[in-house]
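Participant: Sharing data.cif here; it has mmCIF, C-alpha atoms and all ligand atoms.
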data_structure
loop_
_atom_site.label_atom_id
_atom_site.label_comp_id
_atom_site.auth_asym_id
_atom_site.auth_seq_id
_atom_site.Cartn_x
_atom_site.Cartn_y
_atom_site.Cartn_z
CA MET A 1128 81.73 148.65 95.38
CA ASN A 1129 84.52 150.90 96.69
CA SER A 1130 83.73 154.29 98.19
CA ASP A 1131 84.07 157.10 95.65
CA LYS A 1132 87.38 158.39 96.92
CA ASP A 1133 89.08 155.00 96.52
CA ILE A 1134 88.16 154.76 92.84
CA PRO A 1135 90.84 156.06 90.49
CA ALA A 1136 89.66 158.81 88.17
CA VAL A 1137 90.84 160.13 84.79
CA ASP A 1138 89.61 162.84 82.44
CA ALA A 1139 88.83 160.48 79.56
CA VAL A 1140 88.63 156.78 78.80
CA ILE A 1141 88.76 155.29 75.32
CA VAL A 1142 87.20 151.82 75.20
CA GLY A 1143 88.64 149.69 72.39
CA ALA A 1144 92.10 149.60 70.77
CA GLY A 1145 91.29 149.15 67.09
CA PRO A 1146 92.01 151.86 64.53
CA ALA A 1147 89.28 154.08 66.03
CA GLY A 1148 90.57 153.82 69.62
CA ILE A 1149 94.28 154.12 68.78
CA GLY A 1150 93.66 156.89 66.24
CA MET A 1151 91.51 158.78 68.75
CA ALA A 1152 94.29 158.45 71.34
CA LEU A 1153 96.76 160.07 68.92
CA ALA A 1154 94.37 163.02 68.62
CA LEU A 1155 94.11 163.29 72.44
CA GLU A 1156 97.92 163.12 72.68
CA LYS A 1157 98.02 166.53 71.00
CA LEU A 1158 96.25 168.03 74.02
CA VAL A 1159 98.42 168.74 77.00
CA ASP A 1160 96.97 168.40 80.51
CA ILE A 1161 94.57 165.60 79.76
CA GLU A 1162 94.80 162.33 81.63
CA TYR A 1163 93.29 159.44 79.71
CA VAL A 1164 93.60 155.68 79.23
CA ILE A 1165 92.69 153.18 76.53
CA LEU A 1166 91.00 150.02 77.84
CA GLU A 1167 91.10 147.01 75.52
CA ALA A 1168 89.34 143.69 76.25
CA GLU A 1169 91.96 141.64 74.40
CA GLN A 1170 94.96 143.01 72.50
CA VAL A 1171 95.49 145.98 70.19
CA GLY A 1172 93.81 145.21 66.85
CA ALA A 1173 91.88 142.21 68.25
CA SER A 1174 89.26 142.30 65.48
CA PHE A 1175 91.89 142.25 62.74
CA ARG A 1176 93.68 139.33 64.41
CA ARG A 1177 90.46 137.33 64.06
CA TRP A 1178 89.97 137.95 60.36
CA PRO A 1179 90.08 134.87 58.13
CA ALA A 1180 93.75 134.26 57.25
CA GLN A 1181 93.12 135.06 53.55
CA THR A 1182 91.27 138.37 54.12
CA ARG A 1183 92.99 141.59 53.05
CA LEU A 1184 92.08 145.25 53.54
CA ILE A 1185 90.06 146.23 50.51
CA THR A 1186 91.22 149.86 50.61
CA PRO A 1187 94.75 150.11 49.20
CA SER A 1188 97.65 151.43 51.24
CA PHE A 1189 100.13 153.73 49.50
CA HIS A 1190 102.78 156.04 50.88
CA SER A 1191 101.49 159.31 49.46
CA ASN A 1192 102.05 161.10 52.78
CA PRO A 1193 104.98 163.37 51.77
CA PHE A 1194 102.70 164.97 49.16
CA GLY A 1195 99.95 165.70 51.71
CA LEU A 1196 97.70 162.69 51.14
CA ALA A 1197 97.78 160.32 54.07
CA ASP A 1198 97.83 156.58 53.37
CA LEU A 1199 94.13 155.59 53.16
CA ASN A 1200 94.47 153.14 56.04
CA ALA A 1201 96.67 155.27 58.31
CA ILE A 1202 95.27 156.45 61.61
CA ASP A 1203 97.34 159.61 61.71
CA GLU A 1204 98.77 162.03 59.19
CA ILE A 1205 102.30 160.68 59.16
CA SER A 1206 102.31 156.89 59.49
CA SER A 1207 101.75 154.51 56.60
CA PRO A 1208 100.60 150.87 56.79
CA ALA A 1209 102.04 150.49 53.25
CA ILE A 1210 105.51 151.33 54.52
CA PHE A 1211 105.07 149.40 57.78
CA ALA A 1212 104.02 146.15 56.08
CA GLY A 1213 105.48 146.61 52.60
CA ALA A 1214 102.06 145.71 51.26
CA GLU A 1215 99.24 147.41 49.39
CA HIS A 1216 96.41 145.25 50.75
CA LEU A 1217 97.41 144.27 54.28
CA ASP A 1218 96.05 141.16 55.95
CA GLY A 1219 94.48 141.33 59.41
CA LYS A 1220 97.65 140.43 61.31
CA GLN A 1221 99.75 142.98 59.42
CA TYR A 1222 97.24 145.73 60.16
CA ALA A 1223 96.95 144.75 63.85
CA ASP A 1224 100.78 144.78 64.08
CA TYR A 1225 100.80 148.26 62.51
CA LEU A 1226 98.35 149.47 65.21
CA ALA A 1227 100.40 147.85 67.99
CA PHE A 1228 103.57 149.45 66.60
CA ILE A 1229 101.94 152.90 66.65
CA ALA A 1230 100.64 152.40 70.20
CA GLN A 1231 104.10 151.38 71.38
CA ALA A 1232 106.01 154.08 69.48
CA HIS A 1233 103.79 156.79 71.01
CA GLU A 1234 103.84 155.11 74.45
CA LEU A 1235 100.06 155.37 74.58
CA PRO A 1236 98.49 154.71 78.01
CA LEU A 1237 96.96 151.33 77.23
CA SER A 1238 95.56 148.52 79.37
CA GLU A 1239 95.08 145.29 77.44
CA ASN A 1240 93.02 142.37 78.78
CA CYS A 1241 90.81 144.96 80.41
CA GLN A 1242 87.24 144.44 79.29
CA VAL A 1243 84.72 147.07 80.33
CA HIS A 1244 81.80 145.07 81.75
CA GLN A 1245 79.50 147.85 82.82
CA VAL A 1246 79.10 151.59 82.39
CA SER A 1247 77.01 153.78 84.71
CA ALA A 1248 76.34 157.40 83.81
CA LEU A 1249 76.60 159.36 87.09
CA ASP A 1250 73.98 161.95 88.14
CA GLU A 1251 76.70 164.51 88.76
CA GLY A 1252 78.18 163.91 85.27
CA GLY A 1253 80.87 161.49 84.17
CA PHE A 1254 80.88 157.72 84.26
CA LEU A 1255 81.73 154.83 86.53
CA LEU A 1256 83.22 151.86 84.68
CA ALA A 1257 83.37 148.31 86.02
CA THR A 1258 86.31 146.65 84.26
CA GLN A 1259 88.21 143.39 84.34
CA GLN A 1260 90.92 145.24 86.29
CA GLY A 1261 88.67 147.11 88.75
CA GLU A 1262 86.59 150.27 88.82
CA LEU A 1263 87.45 153.56 87.17
CA ARG A 1264 85.77 156.95 87.04
CA THR A 1265 85.98 159.25 84.05
CA ARG A 1266 84.52 162.55 82.98
CA PHE A 1267 84.48 161.66 79.26
CA LEU A 1268 83.93 158.27 77.67
CA ILE A 1269 84.91 157.55 74.07
CA TRP A 1270 83.33 154.34 72.79
CA ALA A 1271 85.46 152.69 70.08
CA THR A 1272 84.35 149.07 70.17
CA GLY A 1273 83.75 148.53 66.44
CA GLU A 1274 81.45 145.98 64.81
CA TYR A 1275 83.42 142.88 63.89
CA LEU A 1276 83.20 141.22 67.29
CA TYR A 1277 79.42 141.69 67.24
CA PRO A 1278 78.10 139.70 64.26
CA ASN A 1279 74.36 139.34 63.82
CA LEU A 1280 74.04 135.57 64.31
CA THR A 1281 70.25 135.56 63.93
CA PRO A 1282 69.38 137.51 60.76
CA PHE A 1283 66.54 135.00 60.10
CA PRO A 1284 65.13 131.83 61.72
CA GLY A 1285 67.38 128.81 61.23
CA ALA A 1286 70.55 130.93 61.10
CA LYS A 1287 71.86 128.64 63.87
CA TRP A 1288 72.60 126.08 61.12
CA CYS A 1289 74.86 128.58 59.35
CA VAL A 1290 78.43 129.77 59.88
CA HIS A 1291 78.92 133.54 60.05
CA TYR A 1292 81.87 135.13 58.21
CA ALA A 1293 83.14 136.49 61.54
CA GLN A 1294 83.39 132.91 62.88
CA VAL A 1295 85.82 131.79 60.16
CA SER A 1296 89.54 131.85 60.95
CA ASP A 1297 90.83 130.21 57.76
CA TRP A 1298 89.02 129.21 54.56
CA LYS A 1299 91.44 126.28 54.26
CA ARG A 1300 89.44 124.59 57.02
CA PHE A 1301 86.54 124.22 54.57
CA THR A 1302 87.45 120.88 53.09
CA ALA A 1303 84.17 119.37 51.87
CA PRO A 1304 84.69 117.32 48.70
CA ASP A 1305 84.01 119.58 45.74
CA THR A 1306 81.00 118.70 43.60
CA LEU A 1307 79.12 120.88 41.18
CA SER A 1308 75.84 119.52 42.57
CA SER A 1309 76.61 120.58 46.14
CA PRO A 1310 78.58 123.81 46.15
CA TYR A 1311 79.24 125.90 49.25
CA THR A 1312 76.40 128.40 49.57
CA VAL A 1313 77.13 131.97 50.69
CA ILE A 1314 74.28 134.29 51.69
CA GLY A 1315 74.92 138.02 51.19
CA GLY A 1316 76.22 139.94 48.18
CA TYR A 1317 78.34 142.65 49.74
CA GLU A 1318 82.00 142.70 50.86
CA SER A 1319 82.10 139.77 53.28
CA GLY A 1320 79.89 137.50 51.15
CA VAL A 1321 82.00 138.25 48.08
CA ASP A 1322 85.23 137.75 50.06
CA ALA A 1323 84.00 134.32 51.23
CA ALA A 1324 83.00 133.34 47.67
CA VAL A 1325 86.30 134.55 46.18
CA ASN A 1326 88.45 132.73 48.74
CA LEU A 1327 86.52 129.46 48.46
CA THR A 1328 86.76 129.46 44.65
CA ARG A 1329 90.48 130.25 44.92
CA LEU A 1330 90.82 127.11 47.04
CA GLY A 1331 89.16 125.08 44.29
CA HIS A 1332 85.55 124.92 45.56
CA HIS A 1333 82.34 125.59 43.69
CA VAL A 1334 80.29 128.39 45.28
CA ARG A 1335 76.71 129.56 44.97
CA LEU A 1336 76.27 133.16 46.11
CA LEU A 1337 72.72 134.21 47.05
CA ALA A 1338 72.27 137.98 46.90
CA ARG A 1339 69.33 140.35 47.26
CA LYS A 1340 70.75 142.56 44.48
CA SER A 1341 73.97 143.36 42.73
CA THR A 1342 76.18 145.81 44.63
CA TRP A 1343 78.50 146.17 41.64
CA GLN A 1344 76.38 147.86 38.96
CA ARG A 1345 78.23 150.56 37.01
CA GLU A 1346 75.33 152.95 37.61
CA GLY A 1347 75.20 152.17 41.37
CA PRO A 1348 76.23 154.70 44.07
CA TYR A 1349 79.96 155.59 44.13
CA ASP A 1350 80.19 155.29 47.90
CA PRO A 1351 82.14 152.13 48.85
CA SER A 1352 79.95 151.98 51.97
CA LEU A 1353 77.10 151.06 49.62
CA SER A 1354 78.79 149.52 46.57
CA LEU A 1355 81.39 146.81 46.18
CA SER A 1356 84.96 148.16 46.15
CA PRO A 1357 87.06 148.02 42.96
CA TYR A 1358 89.36 145.49 44.67
CA SER A 1359 86.43 143.11 45.27
CA ARG A 1360 84.97 143.70 41.78
CA GLU A 1361 88.30 142.61 40.30
CA ARG A 1362 88.40 139.52 42.49
CA LEU A 1363 84.79 138.68 41.65
CA LYS A 1364 85.65 138.83 37.96
CA GLU A 1365 88.55 136.42 38.59
CA ALA A 1366 86.21 134.05 40.45
CA PHE A 1367 83.81 134.05 37.47
CA GLN A 1368 86.68 133.34 35.13
CA ARG A 1369 87.53 130.29 37.22
CA GLY A 1370 84.07 129.00 36.28
CA ARG A 1371 83.31 127.97 39.85
CA LEU A 1372 80.92 130.74 40.89
CA GLU A 1373 77.17 130.95 40.41
CA ILE A 1374 75.34 134.11 41.58
CA VAL A 1375 71.60 134.12 42.16
CA PHE A 1376 70.01 137.57 42.53
CA GLY A 1377 66.70 138.63 44.06
CA VAL A 1378 67.10 136.22 46.99
CA ASP A 1379 65.72 137.35 50.33
CA VAL A 1380 66.54 134.43 52.63
CA VAL A 1381 63.83 133.99 55.26
CA ASP A 1382 64.72 130.61 56.80
CA VAL A 1383 67.21 127.73 56.84
CA THR A 1384 65.97 124.29 57.83
CA ARG A 1385 67.73 120.99 58.37
CA ASN A 1386 66.87 118.28 55.87
CA GLU A 1387 65.59 114.95 57.19
CA HIS A 1388 68.66 112.87 56.35
CA ASP A 1389 71.47 115.34 55.94
CA GLY A 1390 72.18 118.80 54.64
CA PHE A 1391 70.20 122.03 54.80
CA ARG A 1392 67.49 123.85 52.85
CA ILE A 1393 67.70 127.61 52.31
CA HIS A 1394 64.31 129.27 51.79
CA SER A 1395 63.77 132.54 49.94
CA ALA A 1396 60.78 134.88 50.49
CA ASP A 1397 59.60 134.17 46.91
CA LYS A 1398 59.34 130.43 47.77
CA ARG A 1399 62.46 129.36 45.90
CA TYR A 1400 64.80 127.09 47.86
CA TRP A 1401 68.27 125.60 47.58
CA ASP A 1402 69.59 122.41 49.20
CA THR A 1403 73.18 122.17 50.34
CA GLN A 1404 75.25 119.56 52.14
CA GLN A 1405 77.45 122.12 53.92
CA PRO A 1406 76.26 124.66 56.49
CA PRO A 1407 75.40 127.87 54.61
CA LEU A 1408 77.83 130.76 55.10
CA LEU A 1409 76.53 134.12 56.29
CA GLY A 1410 77.89 137.35 54.89
CA THR A 1411 74.90 139.15 56.31
CA GLY A 1412 76.47 141.73 58.59
CA PHE A 1413 76.73 142.82 62.18
CA LEU A 1414 74.43 143.91 65.00
CA ASP A 1415 72.96 147.37 64.58
CA GLY A 1416 75.42 149.68 66.30
CA GLY A 1417 77.93 146.81 66.76
CA GLY A 1418 79.78 147.09 70.08
CA ALA A 1419 77.72 150.17 70.99
CA GLN A 1420 74.96 147.70 71.86
CA GLN A 1421 76.92 146.99 75.06
CA ILE A 1422 75.75 150.36 76.39
CA SER A 1423 72.58 150.56 74.32
CA THR A 1424 70.62 152.55 76.93
CA LEU A 1425 73.09 155.44 76.79
CA TRP A 1426 72.28 156.29 73.16
CA HIS A 1427 69.21 157.51 71.33
CA TRP A 1428 68.51 155.10 68.45
CA THR A 1429 66.94 156.38 65.25
CA GLU A 1430 64.07 154.56 63.55
CA GLU A 1431 66.63 152.93 61.24
CA GLN A 1432 68.50 151.70 64.34
CA HIS A 1433 71.41 154.11 63.88
CA ILE A 1434 72.90 155.99 66.83
CA ALA A 1435 71.85 159.64 67.11
CA LEU A 1436 74.88 161.90 67.58
CA THR A 1437 75.55 165.62 67.86
CA ASP A 1438 77.67 167.34 65.22
CA ALA A 1439 80.70 166.50 67.38
CA ASP A 1440 79.74 162.80 67.69
CA GLU A 1441 78.53 163.07 71.30
CA SER A 1442 75.55 160.97 72.40
CA THR A 1443 72.35 163.03 72.15
CA LEU A 1444 71.16 161.22 75.29
CA THR A 1445 74.23 161.09 77.52
CA PRO A 1446 76.52 164.14 77.61
CA GLY A 1447 80.19 163.26 77.82
CA LEU A 1448 79.81 160.01 75.84
CA PHE A 1449 81.33 160.01 72.33
CA LEU A 1450 81.22 157.44 69.53
CA VAL A 1451 84.17 156.91 67.19
CA GLY A 1452 84.44 154.30 64.45
CA PRO A 1453 82.42 152.78 61.63
CA GLN A 1454 79.00 153.22 63.27
CA VAL A 1455 79.19 157.02 62.99
CA ARG A 1456 76.65 158.41 60.52
CA HIS A 1457 75.52 161.92 59.70
CA ASP A 1458 72.68 162.25 57.18
CA GLN A 1459 73.90 160.54 54.01
CA ARG A 1460 77.48 160.20 55.24
CA ILE A 1461 78.45 156.75 56.46
CA TYR A 1462 81.87 156.76 58.15
CA CYS A 1463 82.43 153.01 57.98
CA PHE A 1464 85.96 153.03 56.52
CA ILE A 1465 89.14 154.02 58.33
CA TYR A 1466 89.81 156.88 55.88
CA LYS A 1467 86.32 158.16 56.70
CA PHE A 1468 86.02 157.81 60.46
CA ARG A 1469 89.54 159.12 61.17
CA GLN A 1470 88.27 162.51 59.97
CA ARG A 1471 86.21 162.75 63.17
CA PHE A 1472 89.03 162.27 65.73
CA GLY A 1473 90.02 165.95 65.72
CA LEU A 1474 86.44 167.08 66.26
CA VAL A 1475 85.99 164.85 69.29
CA ALA A 1476 89.34 165.96 70.76
CA GLU A 1477 88.38 169.59 70.19
CA GLN A 1478 85.01 169.13 71.87
CA ILE A 1479 86.55 167.48 74.93
CA ALA A 1480 89.24 170.15 75.13
CA GLU A 1481 86.59 172.88 75.03
CA HIS A 1482 84.54 171.20 77.80
CA MET A 1483 87.71 170.97 79.91
CA GLY A 1484 88.74 174.56 79.21
CA LEU A 1485 92.01 173.39 77.64
CA ASP A 1486 94.01 175.38 75.17
CA ILE A 1487 92.82 174.14 71.78
CA ARG A 1488 95.40 176.17 69.88
CA VAL A 1489 97.62 173.09 70.10
CA LEU A 1490 95.11 171.37 67.84
CA GLN A 1491 95.00 174.22 65.40
CA ASN A 1492 97.94 173.01 63.35
CA SER A 1493 96.25 169.67 63.05
CA ALA A 1494 94.80 168.81 59.69
CA THR A 1495 92.10 166.87 61.51
CA LEU A 1496 90.48 170.07 62.75
CA GLN A 1497 87.23 171.11 61.17
CA ASN A 1498 88.43 174.48 59.91
CA SER A 1499 91.89 173.57 58.82
CA ALA A 1500 91.00 170.51 56.76
CA ASP A 1501 91.00 171.33 53.10
CA ALA A 1502 89.80 169.05 50.34
CA TRP A 1503 93.25 167.62 49.62
CA GLY A 1504 94.73 167.73 53.13
CA PRO A 1505 95.91 164.55 54.80
CA PHE A 1506 92.56 163.81 56.35
CA GLY A 1507 90.41 165.26 53.59
CA ASN A 1508 87.42 167.52 53.89
CA ARG A 1509 84.70 166.38 56.27
CA ASP A 1510 82.10 168.37 54.33
CA CYS A 1511 82.77 166.41 51.19
CA CYS A 1512 80.55 163.41 50.66
CA GLU A 1513 81.19 160.43 48.43
CA GLY A 1514 79.84 160.88 44.95
CA CYS A 1515 79.41 164.64 45.20
CA GLU A 1516 80.59 166.86 42.36
CA CYS A 1517 83.58 168.37 44.16
C1 LIG B 1601 86.41 141.63 56.14
C2 LIG B 1601 86.53 143.09 56.42
C3 LIG B 1601 87.32 143.88 55.61
C4 LIG B 1601 87.44 145.24 55.86
N1 LIG B 1601 88.24 145.99 55.06
C5 LIG B 1601 88.38 147.30 55.31
C6 LIG B 1601 89.22 148.11 54.50
O1 LIG B 1601 89.84 147.65 53.55
N2 LIG B 1601 89.34 149.43 54.80
C7 LIG B 1601 88.67 149.99 55.85
O2 LIG B 1601 88.79 151.19 56.07
N3 LIG B 1601 87.85 149.24 56.63
C8 LIG B 1601 87.70 147.93 56.38
N4 LIG B 1601 86.87 147.17 57.15
C9 LIG B 1601 86.16 147.81 58.25
C10 LIG B 1601 87.14 148.02 59.39
O3 LIG B 1601 87.73 146.80 59.71
C11 LIG B 1601 86.39 148.57 60.59
O4 LIG B 1601 85.75 149.75 60.21
C12 LIG B 1601 87.37 148.85 61.72
O5 LIG B 1601 87.91 147.66 62.22
C13 LIG B 1601 86.66 149.55 62.83
O6 LIG B 1601 87.63 149.92 63.76
P1 LIG B 1601 87.25 150.07 65.29
O7 LIG B 1601 88.48 150.50 65.98
O8 LIG B 1601 86.03 150.90 65.42
O9 LIG B 1601 86.80 148.61 65.74
P2 LIG B 1601 87.62 147.27 65.97
O10 LIG B 1601 88.80 147.19 65.07
O11 LIG B 1601 86.63 146.17 65.93
O12 LIG B 1601 88.16 147.44 67.45
C14 LIG B 1601 87.29 147.43 68.55
C15 LIG B 1601 88.07 146.99 69.76
O13 LIG B 1601 87.25 147.18 70.90
C16 LIG B 1601 87.49 146.14 71.82
N5 LIG B 1601 86.33 146.06 72.71
C17 LIG B 1601 85.05 145.78 72.36
N6 LIG B 1601 84.25 145.82 73.45
C18 LIG B 1601 85.05 146.12 74.50
C19 LIG B 1601 84.82 146.31 75.89
N7 LIG B 1601 83.60 146.18 76.43
N8 LIG B 1601 85.88 146.61 76.68
C20 LIG B 1601 87.12 146.77 76.16
N9 LIG B 1601 87.39 146.59 74.85
C21 LIG B 1601 86.37 146.30 74.03
C22 LIG B 1601 87.69 144.92 70.93
O14 LIG B 1601 88.40 143.90 71.59
C23 LIG B 1601 88.45 145.50 69.74
O15 LIG B 1601 89.85 145.39 69.88
C24 LIG B 1601 86.74 145.82 56.93
C25 LIG B 1601 85.95 145.01 57.76
C26 LIG B 1601 85.84 143.66 57.51
C27 LIG B 1601 85.00 142.83 58.41
#
Here is a file; write its structure as structure tokens.
Ligand SMILES: Cc1cc2nc3c(=O)[nH]c(=O)nc-3n(C[C@H](O)[C@H](O)[C@H](O)COP(=O)(O)OP(=O)(O)OC[C@H]3O[C@@H](n4cnc5c(N)ncnc54)[C@H](O)[C@@H]3O)c2cc1C

Facilitator:
Amino acid sequence: MNSDKDIPAVDAVIVGAGPAGIGMALALEKLVDIEYVILEAEQVGASFRRWPAQTRLITPSFHSNPFGLADLNAIDEISSPAIFAGAEHLDGKQYADYLAFIAQAHELPLSENCQVHQVSALDEGGFLLATQQGELRTRFLIWATGEYLYPNLTPFPGAKWCVHYAQVSDWKRFTAPDTLSSPYTVIGGYESGVDAAVNLTRLGHHVRLLARKSTWQREGPYDPSLSLSPYSRERLKEAFQRGRLEIVFGVDVVDVTRNEHDGFRIHSADKRYWDTQQPPLLGTGFLDGGGAQQISTLWHWTEEQHIALTDADESTLTPGLFLVGPQVRHDQRIYCFIYKFRQRFGLVAEQIAEHMGLDIRVLQNSATLQNSADAWGPFGNRDCCEGCEC
């Protein structure tokens, strides 16, 4: 290790260049006199570049910006993925290109191919980072490493025989001969399981979807973090109409075993089982905390395995460490969509500015600020929860 004085130092480091990292950088750009960098292990929008080729954003993009409503998938008040891509439901590459365009247009201080391998919280405050491109010290660390690159590959014994949604690059590669008696089997009845089922039926396959419960009941919660989005409900209806989709509810998969000759057996807690020739597909989610697991000892974890945060999204265990992105939760509010978690960027920037004694008046015109956000402003009202009466 170098001696302290040889190690370059900045005020803040953002780790990850997805929508959370790039959006957070745009909020920091509003502060003058802050020196920060974004460190990205691969390229801007790496998670989106790995999406299956057929996957689209489920939240629609629409250029409503001039009337004060930011595009739902925009990471700042003025840009619009709808305008950038000329599409309402962008695919992963289009959205990653939108992020890269924003990073370039704003000349954000970005180092790609710079994985952060290790983070040490220093006794005197601040952090020492060991990265692919050397060591770096920082007073504030903003963790924006998302979830997609951290799938839970072992949700139950025998999951090693399955293929996780996050390991699929193109559904066209699934070319097993189609027979009604041996459909593809998808485990998980929320967005990724439904997306897998929809895309496989579109390609002419029969699919059996095993779900614990329906996430698309009319009387279910309104919050798209808990219920299937309208876009996916529509697509599910289409898949039914194709006559190639069977859904089995009440299935809690506890094991997958390999059959003696060929194929696999999927076992449910209630002793039902299903045999399949093809490896089962997992739409069963990501590691608790996703990429935040990389620095798991720097957070307090709640009993439900969520990350405990202050009102300004700072770690309750490690001062100076902030979390931005889909893992942020406060009480009943789950910030797992871009239009949700972008509402927190201004708060984090404000908190860092206050710690540094910077002039926060520059942020005061920003609609992302706590006090200036009204219910219909570009970034909405952070006090408003999904499904409330407002
Ligand atoms: C199929 C699917 C569809 C979705 N559709 C929508 C939708 O329609 N609307 C919506 O709002 N959300 C949607 N989401 C959720 C959305 O994609 C995520 O909430 C979003 O990607 C999170 O952004 P992020 O910047 O936190 O993480 P990511 O986009 O995952 O970015 C994290 C970045 O961190 C980098 N990184 C990780 N670890 C390190 C490290 N140690 N050092 C350096 N870099 C690191 C990664 O390379 C990556 O580029 C969808 C998700 C999936 C899986």

Participant: With the cut-off set at 8 Å and counting all atoms listed in the file, tabulate each residue of chain A with an atom at most that distance from an atom of ligand LIG 1601 (chain B), showing the nearest atom pair and its distance in Å to one decimal, ordered by chain and increasing number, as a Markdown table.

Facilitator:
| residue | atom | partner | partner_atom | distance |
| --- | --- | --- | --- | --- |
| A:Val1142 | CA | B:LIG1601 | C20 | 5.1 |
| A:Gly1143 | CA | B:LIG1601 | O13 | 3.2 |
| A:Ala1144 | CA | B:LIG1601 | O15 | 4.9 |
| A:Gly1145 | CA | B:LIG1601 | O7 | 3.3 |
| A:Pro1146 | CA | B:LIG1601 | O7 | 4.1 |
| A:Ala1147 | CA | B:LIG1601 | O7 | 3.7 |
| A:Gly1148 | CA | B:LIG1601 | O7 | 5.4 |
| A:Ile1149 | CA | B:LIG1601 | O7 | 7.4 |
| A:Leu1166 | CA | B:LIG1601 | C20 | 5.3 |
| A:Glu1167 | CA | B:LIG1601 | N9 | 3.8 |
| A:Ala1168 | CA | B:LIG1601 | N9 | 3.8 |
| A:Glu1169 | CA | B:LIG1601 | O14 | 5.1 |
| A:Gln1170 | CA | B:LIG1601 | O15 | 6.2 |
| A:Val1171 | CA | B:LIG1601 | O15 | 5.7 |
| A:Gly1172 | CA | B:LIG1601 | O15 | 5.0 |
| A:Ala1173 | CA | B:LIG1601 | O15 | 4.1 |
| A:Ser1174 | CA | B:LIG1601 | O11 | 4.7 |
| A:Phe1175 | CA | B:LIG1601 | O10 | 6.3 |
| A:Trp1178 | CA | B:LIG1601 | C1 | 6.6 |
| A:Pro1179 | CA | B:LIG1601 | C1 | 7.9 |
| A:Thr1182 | CA | B:LIG1601 | C1 | 6.2 |
| A:Arg1183 | CA | B:LIG1601 | C3 | 6.6 |
| A:Leu1184 | CA | B:LIG1601 | O1 | 3.3 |
| A:Ile1185 | CA | B:LIG1601 | O1 | 3.4 |
| A:Thr1186 | CA | B:LIG1601 | O1 | 3.9 |
| A:Pro1187 | CA | B:LIG1601 | O1 | 7.0 |
| A:Leu1199 | CA | B:LIG1601 | O2 | 7.5 |
| A:Asn1200 | CA | B:LIG1601 | O2 | 6.0 |
| A:His1216 | CA | B:LIG1601 | O1 | 7.5 |
| A:Asn1240 | CA | B:LIG1601 | C20 | 7.8 |
| A:Cys1241 | CA | B:LIG1601 | C20 | 5.9 |
| A:Gln1242 | CA | B:LIG1601 | N8 | 3.7 |
| A:Val1243 | CA | B:LIG1601 | N8 | 3.9 |
| A:His1244 | CA | B:LIG1601 | N7 | 5.7 |
| A:Gln1245 | CA | B:LIG1601 | N7 | 7.8 |
| A:Thr1258 | CA | B:LIG1601 | N8 | 7.6 |
| A:Ala1271 | CA | B:LIG1601 | O8 | 5.0 |
| A:Thr1272 | CA | B:LIG1601 | O13 | 3.5 |
| A:Gly1273 | CA | B:LIG1601 | O9 | 3.1 |
| A:Glu1274 | CA | B:LIG1601 | O11 | 5.3 |
| A:Tyr1275 | CA | B:LIG1601 | O11 | 5.0 |
| A:Leu1276 | CA | B:LIG1601 | O11 | 6.2 |
| A:Ala1293 | CA | B:LIG1601 | C27 | 7.3 |
| A:Glu1318 | CA | B:LIG1601 | C1 | 7.0 |
| A:Ser1319 | CA | B:LIG1601 | C1 | 5.5 |
| A:Asp1322 | CA | B:LIG1601 | C1 | 7.3 |
| A:Gly1418 | CA | B:LIG1601 | N6 | 5.7 |
| A:Gln1421 | CA | B:LIG1601 | N7 | 6.9 |
| A:Val1451 | CA | B:LIG1601 | O8 | 6.5 |
| A:Gly1452 | CA | B:LIG1601 | O8 | 3.9 |
| A:Pro1453 | CA | B:LIG1601 | O4 | 4.7 |
| A:Gln1454 | CA | B:LIG1601 | O8 | 7.7 |
| A:Cys1463 | CA | B:LIG1601 | O4 | 5.2 |
| A:Phe1464 | CA | B:LIG1601 | O2 | 3.4 |
| A:Ile1465 | CA | B:LIG1601 | O2 | 3.6 |
| A:Tyr1466 | CA | B:LIG1601 | O2 | 5.8 |
| A:Lys1467 | CA | B:LIG1601 | O2 | 7.4 |

Participant: If we count only C-alpha atoms and set the cut-off at 9 Å, which residues sit around segment 1406-1412 of chain A, ignoring sequence neighbours fewer than 5 positions away in its own chain? Please answer as a PyMOL selection string.

Facilitator: chain A and resi 1275+1278-1280+1282+1286+1288-1293+1311-1323+1383+1390-1391+1393

Participant: Could you give me, as a ChimeraX atom specification, the residues within 9 Å of Asn1192 of chain A, counting only C-alpha atoms and dropping anything in the same chain fewer than 5 positions from it?

Facilitator: /A:1197-1198,1204-1207,1505

Participant: Nearest to Leu1217 of chain A among A:Val1295, A:Ile1134, A:Leu1444, A:Ala1201, with distances taken over all atoms listed in the file: which residue is it?

Facilitator: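 Ranking A:Val1295, A:Ile1134, A:Leu1444, A:Ala1201 by distance to Leu1217 of chain A, first place goes to A:Ala1201.
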
Participant: Have a look at A:His1233, A:Arg1360, A:Arg1177, A:Arg1266 and name the one nearest to Gln1294 of chain A; count all atoms listed in the file.

Facilitator: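 Result for the nearest residue to Gln1294 of chain A: A:Arg1177.
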
Participant: Applying 12 Å and only C-alpha atoms, which residues near Pro1304 of chain A remain after dropping the ones on its own chain fewer than 5 positions away? List them as a list in words.

Facilitator: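 Those residues are Ser1309, Pro1310, Tyr1311, Leu1330, Gly1331, His1332, His1333, Gln1404 and Gln1405 of chain A.
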
Participant: Please report, as lines of an AutoDock Vina configuration file, the centre and edge lengths in Å to one decimal of an axis-aligned box covering all listed atoms of segment 1284-1297 of chain A with 8 Å per side.

Facilitator:
center_x = 78.0
center_y = 131.3
center_z = 60.8
size_x = 41.7
size_y = 26.4
size_z = 22.1
